[in-house]
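Worksheet: one structure, shown below.
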Amino acid sequence: MATIVVDIAGMQISRNPEDVLITYSLGSCVGVAIYDPVVRIGGLIHCMLPLSKVDPEKAAQRPYMFVDTGVSMMLNRLYEMGLKKSRAVISVAGGAQVLDDKGVFKIGERNVTVLRKLFWKNSLLMHVQEVGGKTSRTVSLEIDSGRFNIKAAGITTHYDI
């Protein structure tokens, strides 16, 4: 198996059954995996901030940094490569409150809210949601099987489609 690391504010797509897409340190960030079990294509994105309008210049340079622009772009690329909306299996993790003890900024919560609105507007459902709390997470997507894995506090949970 080939492990492909998705950096912070990054995105990767694969149709190689030997690939595993992985991203680390999802605190307030959200990791979104989208998979089509028929054409066996998947993508993983690591978004830091909810809305690109806070910094349009940065959004133009690094669109995957933002939930609104990044997830939309990933969906469009996956559609171009054969993903069908009706078969999309969407798994989400992150959105924790790790560096904001008093809940002043609520970036994790806002990331999840924008993500839910984006999926709702596009008639897409999230199959797996492990969001919120105060724990950082690592997630991976196995392209061969579509298995989504979440590691938090040393414990890994596997979600099969």
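By order in the structure tokens, chains are A, B, ...; within a chain, residues start at 1; ligands start at 1, following the order shown.
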
| field | Met11 in chain A environment, 6 Å, only C-alpha atoms, sequence neighbours closer than 2 positions dropped, as a list in words | value | Val6, Leu44 and Ile45 of chain A

| Running DSSP on the backbone, which parts of range 13-153 of chain A land in strand (DSSP E or B), as a PyMOL selection string? | chain A and resi 13-14+19-26+30-36+41-47+49+66+89-94+126-131+137-142+148-152

Emit the selected residues as a PDB file, in the first residue's frame, including C-alpha atoms.
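As a result, part_36.pdb now contains:
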ATOM      1  CA  ILE A  13      -7.701  12.256  -4.955  1.00  0.00           C
ATOM      2  CA  SER A  14      -6.915   8.696  -5.971  1.00  0.00           C
ATOM      3  CA  ASP A  19      -3.437   4.009  -2.010  1.00  0.00           C
ATOM      4  CA  VAL A  20      -4.354   5.152   1.473  1.00  0.00           C
ATOM      5  CA  LEU A  21      -4.992   8.878   1.869  1.00  0.00           C
ATOM      6  CA  ILE A  22      -4.170  10.176   5.354  1.00  0.00           C
ATOM      7  CA  THR A  23      -4.170  13.492   7.160  1.00  0.00           C
ATOM      8  CA  TYR A  24      -2.894  14.268  10.637  1.00  0.00           C
ATOM      9  CA  SER A  25      -3.645  16.703  13.447  1.00  0.00           C
ATOM     10  CA  LEU A  26      -7.262  17.592  12.833  1.00  0.00           C
ATOM     11  CA  VAL A  30     -12.032  19.291   9.391  1.00  0.00           C
ATOM     12  CA  GLY A  31     -11.057  16.278   7.347  1.00  0.00           C
ATOM     13  CA  VAL A  32     -13.552  15.264   4.681  1.00  0.00           C
ATOM     14  CA  ALA A  33     -13.367  11.997   2.759  1.00  0.00           C
ATOM     15  CA  ILE A  34     -15.613  11.361  -0.230  1.00  0.00           C
ATOM     16  CA  TYR A  35     -15.711   7.930  -1.854  1.00  0.00           C
ATOM     17  CA  ASP A  36     -17.614   6.233  -4.678  1.00  0.00           C
ATOM     18  CA  ILE A  41     -12.386   6.728  -6.435  1.00  0.00           C
ATOM     19  CA  GLY A  42     -11.875   8.802  -3.327  1.00  0.00           C
ATOM     20  CA  GLY A  43     -10.641  12.119  -2.088  1.00  0.00           C
ATOM     21  CA  LEU A  44      -9.519  13.560   1.229  1.00  0.00           C
ATOM     22  CA  ILE A  45      -9.217  17.221   2.179  1.00  0.00           C
ATOM     23  CA  HIS A  46      -7.893  18.992   5.295  1.00  0.00           C
ATOM     24  CA  CYS A  47      -9.626  22.390   5.714  1.00  0.00           C
ATOM     25  CA  LEU A  49     -11.130  27.708   8.094  1.00  0.00           C
ATOM     26  CA  PHE A  66     -11.291  26.860   3.335  1.00  0.00           C
ATOM     27  CA  VAL A  89     -20.057   8.101   0.764  1.00  0.00           C
ATOM     28  CA  ILE A  90     -19.002  11.101   2.864  1.00  0.00           C
ATOM     29  CA  SER A  91     -17.064  10.809   6.104  1.00  0.00           C
ATOM     30  CA  VAL A  92     -16.106  13.768   8.292  1.00  0.00           C
ATOM     31  CA  ALA A  93     -13.935  14.212  11.376  1.00  0.00           C
ATOM     32  CA  GLY A  94     -12.413  17.120  13.287  1.00  0.00           C
ATOM     33  CA  MET A 126     -22.648  12.621   5.675  1.00  0.00           C
ATOM     34  CA  HIS A 127     -22.408   8.915   6.481  1.00  0.00           C
ATOM     35  CA  VAL A 128     -19.808   9.259   9.233  1.00  0.00           C
ATOM     36  CA  GLN A 129     -19.490  12.269  11.534  1.00  0.00           C
ATOM     37  CA  GLU A 130     -17.051  12.381  14.400  1.00  0.00           C
ATOM     38  CA  VAL A 131     -16.812  16.077  15.131  1.00  0.00           C
ATOM     39  CA  ARG A 137      -7.765  13.305  15.239  1.00  0.00           C
ATOM     40  CA  THR A 138      -5.943  11.569  12.392  1.00  0.00           C
ATOM     41  CA  VAL A 139      -8.046  10.183   9.539  1.00  0.00           C
ATOM     42  CA  SER A 140      -7.414   7.948   6.567  1.00  0.00           C
ATOM     43  CA  LEU A 141      -9.321   6.656   3.552  1.00  0.00           C
ATOM     44  CA  GLU A 142      -8.465   3.289   1.985  1.00  0.00           C
ATOM     45  CA  PHE A 148     -12.573   5.394   6.711  1.00  0.00           C
ATOM     46  CA  ASN A 149     -10.398   5.296   9.831  1.00  0.00           C
ATOM     47  CA  ILE A 150     -10.305   7.789  12.691  1.00  0.00           C
ATOM     48  CA  LYS A 151      -7.569   7.736  15.315  1.00  0.00           C
ATOM     49  CA  ALA A 152      -8.201   9.806  18.457  1.00  0.00           C
TER      50      ALA A 152
END

| query | Which residue gives the smallest distance to Tyr79 in chain A among A:Gly10, A:Gly95, A:Ala2, A:Val39, with only C-alpha atoms counted? | reply | A:Val39
